[in-house]
Amino acid sequence: MKARDAIEALARQRGDAVAVCALGMAANEWWAATRSEDSFYMHGAMGFAASFALGLALSLPRAPVWLINADGSLCMNLGCLLTEASQAARNLKHFVVANGVYQTVGALPMVNEGRTDYAAIARGAGISRARSIETLAELEELLPGIAAEDGPSFTVLRVEPESGFLRTPPMTYEGPEMKYRFGRALERKLGIEVFGPQGY
Amino acid sequence: MTEMDATAQIHAQLTKCGIKLAASLPDDWIAPLIKRIAADNRIRHVRVAREAEAVAICSGAFFGGVRSVALMGATGLLTCTGELATLNLRHQIPVFLIVSQRGSIDDHRIYQEVQGRRTIPLLESYDFPYHVIDRSEDIGGIPDAFETCRMQKRPFVLFLTRRLVKGEGASR
């Protein structure tokens, strides 16, 4: 399965979910597929999109939160799975786009070169709804059920490594602008107050 | 000032700040405060496996409109300076951290001495504001520190000294 196809399948099933994307390929592909401002695209803190998404999910218990993670980022913070399991946020879905390489730096192989069973690690951490999906057809079949089930869930999307350097360009805004676009999008979408009356 | 007095007062001030989520990884100085917050069912307590998780969880909570605090030791703070820089400094996301000020002259733990010498110069090099609470009468300033964190839109470290959380006298 191609990463772009997998991400586009997620985007079609997203519904009202707020998304948090790991930096690099996951963020770039999600931006290309959705152009959505109610998504946070990590630019740093590699590994910690998962923790950011958990904090968001715990703070917005009635809003579905989808984490679009990647295997390189997951491996920088495997402990996030223990925290996700212990917090048991029903509104959090964790997807991992797994290609076994660091794609945006030239597809250099990751540690253990794609042999790791991340779903087994997630189950071992205590997330019982964990699975690994190998094909687009299987993803299309299972995704409505995944979207509808209670979280926390953990779904690995096994995709092919691709060699194109920065093949998909990143979103067209960054830094503080991303903060304000995302925060204002959530204020409009959910009727919450992220920023105070003076804008900070 | 007893240990319970200080932690109770800090807890009360955090409640006054409107804190609804706390993410923590303990060291022995800050453990009593974490235990107290964990027992408060008005605050969602998140135990983490690494301090940078607490930083990112609080950052996510900011966008959910929820006021939060990250609690950790000074050694843990050192482990997450990269995330504080590339997430919070880059996007101007405020995160309020309460940290034990290890390596002070009354902290006679050899494995804390580097933290004592280098933590504040490191924060200053990142331009992260900080404030030290050393006496019980200063605890009432916590809401001002929290508001300053929001206004400055960056990590803000509130240090708790040994004298405040453990009482007078050096550790042996």
# chains A, B, ... in the order shown; residues from 1 in each chain; ligands from 1

call {"tool": "residues_around", "arguments": {"residues": "Tyr102 of chain A", "least_positions_apart": "5", "cutoff": "12 Å", "atoms": "only C-alpha atoms", "output": "PyMOL selection string"}}
result
chain A and resi 23-26+46+70-75+97+107-111+113-114+160-166

call {"tool": "select_by_dssp", "arguments": {"residues": "segment 70-170 of chain B", "states": "alpha helix (DSSP H)", "output": "PyMOL selection string"}}
result
chain B and resi 74-79+81-83+90-91+113-126+142-152+162-166

call {"tool": "write_last_selection", "arguments": {"atoms": "C-alpha atoms", "output": "CSV table (one decimal), in the first residue's frame"}}
result
chain,number,residue,atom,x,y,z
B,74,ALA,CA,15.4,19.1,37.4
B,75,THR,CA,16.9,16.1,35.7
B,76,GLY,CA,13.7,15.5,33.9
B,77,LEU,CA,13.6,19.1,32.8
B,78,LEU,CA,17.0,18.7,31.2
B,79,THR,CA,15.8,15.7,29.2
B,81,THR,CA,14.7,20.9,26.5
B,82,GLY,CA,14.7,19.8,22.8
B,83,GLU,CA,10.9,19.3,22.8
B,90,ARG,CA,8.7,27.3,17.8
B,91,HIS,CA,4.9,27.5,18.0
B,113,GLU,CA,25.4,18.8,41.1
B,114,VAL,CA,25.5,19.3,37.3
B,115,GLN,CA,21.8,20.2,37.3
B,116,GLY,CA,22.5,22.7,40.0
B,117,ARG,CA,25.2,24.4,38.0
B,118,ARG,CA,23.8,24.3,34.5
B,119,THR,CA,20.0,24.3,34.5
B,120,ILE,CA,19.5,28.0,34.9
B,121,PRO,CA,22.1,29.0,32.4
B,122,LEU,CA,20.5,26.5,30.0
B,123,LEU,CA,17.0,28.1,30.5
B,124,GLU,CA,18.5,31.6,30.0
B,125,SER,CA,20.2,30.5,26.7
B,126,TYR,CA,16.7,29.4,25.5
B,142,ILE,CA,1.8,31.1,41.5
B,143,PRO,CA,-1.3,32.6,39.7
B,144,ASP,CA,0.9,35.5,38.6
B,145,ALA,CA,3.5,33.1,37.3
B,146,PHE,CA,0.8,31.1,35.5
B,147,GLU,CA,-0.5,34.3,33.8
B,148,THR,CA,3.0,35.3,32.9
B,149,CYS,CA,3.5,32.0,31.2
B,150,ARG,CA,0.3,32.5,29.2
B,151,MET,CA,1.4,36.0,28.2
B,152,GLN,CA,4.9,35.1,27.3
B,162,ARG,CA,14.6,22.2,49.0
B,163,ARG,CA,13.9,24.5,51.9
B,164,LEU,CA,10.3,24.9,50.7
B,165,VAL,CA,9.5,21.3,50.1
B,166,LYS,CA,11.7,19.5,52.5

call {"tool": "residues_around", "arguments": {"residues": "Arg181 of chain A", "least_positions_apart": "2", "cutoff": "12 Å", "atoms": "only C-alpha atoms", "output": "ChimeraX atom specification"}}
result
/A:36-41,172-179,183-189,194-195 /B:63,91

call {"tool": "interface_residues", "arguments": {"of": "chain B", "to": "chain A", "cutoff": "9 Å", "atoms": "only C-alpha atoms", "output": "count of residues only"}}
result
38

call {"tool": "residues_around", "arguments": {"residues": "segment 143-159 of chain A", "least_positions_apart": "6", "cutoff": "6 Å", "atoms": "only C-alpha atoms", "output": "VMD selection string"}}
result
chain A and resid 1 to 3 88 to 99 129 to 134

call {"tool": "write_last_selection", "arguments": {"atoms": "N, CA and C atoms", "output": "tab-separated table (two decimals), in the first residue's frame"}}
result
chain	number	residue	atom	x	y	z
A	1	MET	N	0.86	-1.18	0.00
A	1	MET	CA	0.00	0.00	0.00
A	1	MET	C	0.89	1.23	0.00
A	2	LYS	N	0.48	2.25	-0.75
A	2	LYS	CA	1.20	3.52	-0.80
A	2	LYS	C	0.74	4.40	0.37
A	3	ALA	N	1.68	5.16	0.90
A	3	ALA	CA	1.34	6.05	2.02
A	3	ALA	C	0.24	7.03	1.62
A	88	ALA	N	-6.72	5.62	28.80
A	88	ALA	CA	-7.92	5.01	28.22
A	88	ALA	C	-8.89	6.04	27.64
A	89	ALA	N	-8.38	6.97	26.86
A	89	ALA	CA	-9.25	7.99	26.26
A	89	ALA	C	-10.10	7.34	25.16
A	90	ARG	N	-11.41	7.35	25.36
A	90	ARG	CA	-12.31	6.67	24.41
A	90	ARG	C	-12.37	7.37	23.07
A	91	ASN	N	-11.95	8.64	23.05
A	91	ASN	CA	-12.05	9.42	21.81
A	91	ASN	C	-10.74	9.46	21.01
A	92	LEU	N	-9.75	8.69	21.41
A	92	LEU	CA	-8.44	8.76	20.75
A	92	LEU	C	-8.19	7.53	19.87
A	93	LYS	N	-7.89	7.79	18.60
A	93	LYS	CA	-7.49	6.74	17.65
A	93	LYS	C	-6.06	7.02	17.21
A	94	HIS	N	-5.22	6.03	17.35
A	94	HIS	CA	-3.79	6.18	17.02
A	94	HIS	C	-3.50	5.38	15.75
A	95	PHE	N	-3.16	6.07	14.68
A	95	PHE	CA	-2.76	5.42	13.43
A	95	PHE	C	-1.25	5.63	13.24
A	96	VAL	N	-0.59	4.59	12.77
A	96	VAL	CA	0.85	4.68	12.51
A	96	VAL	C	1.11	4.31	11.05
A	97	VAL	N	1.58	5.26	10.28
A	97	VAL	CA	2.00	4.98	8.91
A	97	VAL	C	3.42	4.43	8.99
A	98	ALA	N	3.57	3.16	8.68
A	98	ALA	CA	4.84	2.47	8.92
A	98	ALA	C	5.47	2.07	7.59
A	99	ASN	N	6.59	2.72	7.28
A	99	ASN	CA	7.29	2.36	6.04
A	99	ASN	C	8.70	1.84	6.29
A	129	ARG	N	-7.32	-2.96	21.52
A	129	ARG	CA	-7.75	-2.78	20.13
A	129	ARG	C	-6.56	-2.34	19.29
A	130	ALA	N	-5.74	-3.29	18.90
A	130	ALA	CA	-4.52	-3.00	18.14
A	130	ALA	C	-4.43	-3.98	16.99
A	131	ARG	N	-4.11	-3.46	15.82
A	131	ARG	CA	-4.01	-4.32	14.64
A	131	ARG	C	-3.05	-3.71	13.63
A	132	SER	N	-2.63	-4.55	12.69
A	132	SER	CA	-1.74	-4.09	11.63
A	132	SER	C	-2.42	-4.40	10.30
A	133	ILE	N	-2.43	-3.42	9.40
A	133	ILE	CA	-3.14	-3.56	8.12
A	133	ILE	C	-2.12	-3.47	6.99
A	134	GLU	N	-2.19	-4.45	6.08
A	134	GLU	CA	-1.16	-4.57	5.04
A	134	GLU	C	-1.60	-4.00	3.69

call {"tool": "residues_around", "arguments": {"residues": "Asp16 of chain A", "least_positions_apart": "2", "cutoff": "8 Å", "atoms": "only C-alpha atoms", "output": "PyMOL selection string"}}
result
chain A and resi 14+18+63-64

call {"tool": "atom_distance", "arguments": {"atom1": "atom CA of Leu10 of chain A", "atom2": "atom CA of Gly126 of chain A"}}
result
24.1 Å

call {"tool": "residues_around", "arguments": {"residues": "segment 128-130 of chain B", "least_positions_apart": "5", "cutoff": "8 Å", "atoms": "only C-alpha atoms", "output": "number ranges by chain"}}
result
B: 123, 154-159

call {"tool": "atom_distance", "arguments": {"atom1": "atom CA of Ile43 of chain B", "atom2": "atom CA of Ala70 of chain B"}}
result
12.4 Å

call {"tool": "atom_distance", "arguments": {"atom1": "atom CA of Asn88 of chain B", "atom2": "atom CA of Met72 of chain B"}}
result
17.1 Å

call {"tool": "closest_residue", "arguments": {"among": "B:Leu160, B:Ala8, B:Ile19, B:Ile37", "to": "Arg67 of chain B", "atoms": "only C-alpha atoms"}}
result
B:Ile19

call {"tool": "residues_around", "arguments": {"residues": "segment 33-36 of chain B", "least_positions_apart": "5", "cutoff": "8 Å", "atoms": "only C-alpha atoms", "output": "PyMOL selection string"}}
result
chain B and resi 7-8+10-11+24+26+71

call {"tool": "write_last_selection", "arguments": {"atoms": "N, CA and C atoms", "output": "PDB file, in the first residue's frame"}}
result
ATOM      1  N   THR B   7       2.966  21.811  50.270  1.00  0.00           N
ATOM      2  CA  THR B   7       2.290  21.147  49.148  1.00  0.00           C
ATOM      3  C   THR B   7       0.802  21.504  49.131  1.00  0.00           C
ATOM      4  N   ALA B   8       0.207  21.614  50.307  1.00  0.00           N
ATOM      5  CA  ALA B   8      -1.216  21.991  50.359  1.00  0.00           C
ATOM      6  C   ALA B   8      -1.417  23.391  49.795  1.00  0.00           C
ATOM      7  N   ILE B  10       0.568  24.998  47.625  1.00  0.00           N
ATOM      8  CA  ILE B  10       0.831  24.993  46.173  1.00  0.00           C
ATOM      9  C   ILE B  10      -0.378  24.422  45.445  1.00  0.00           C
ATOM     10  N   HIS B  11      -0.908  23.334  45.982  1.00  0.00           N
ATOM     11  CA  HIS B  11      -2.092  22.714  45.395  1.00  0.00           C
ATOM     12  C   HIS B  11      -3.253  23.711  45.347  1.00  0.00           C
ATOM     13  N   SER B  24       2.804  14.252  35.094  1.00  0.00           N
ATOM     14  CA  SER B  24       3.926  14.222  36.033  1.00  0.00           C
ATOM     15  C   SER B  24       4.824  13.021  35.868  1.00  0.00           C
ATOM     16  N   PRO B  26       7.820  11.829  38.791  1.00  0.00           N
ATOM     17  CA  PRO B  26       8.324  12.352  40.061  1.00  0.00           C
ATOM     18  C   PRO B  26       9.842  12.301  40.224  1.00  0.00           C
ATOM     19  N   LEU B  71       4.758  18.485  35.993  1.00  0.00           N
ATOM     20  CA  LEU B  71       5.497  18.385  37.255  1.00  0.00           C
ATOM     21  C   LEU B  71       6.643  17.399  37.089  1.00  0.00           C
TER      22      LEU B  71
END
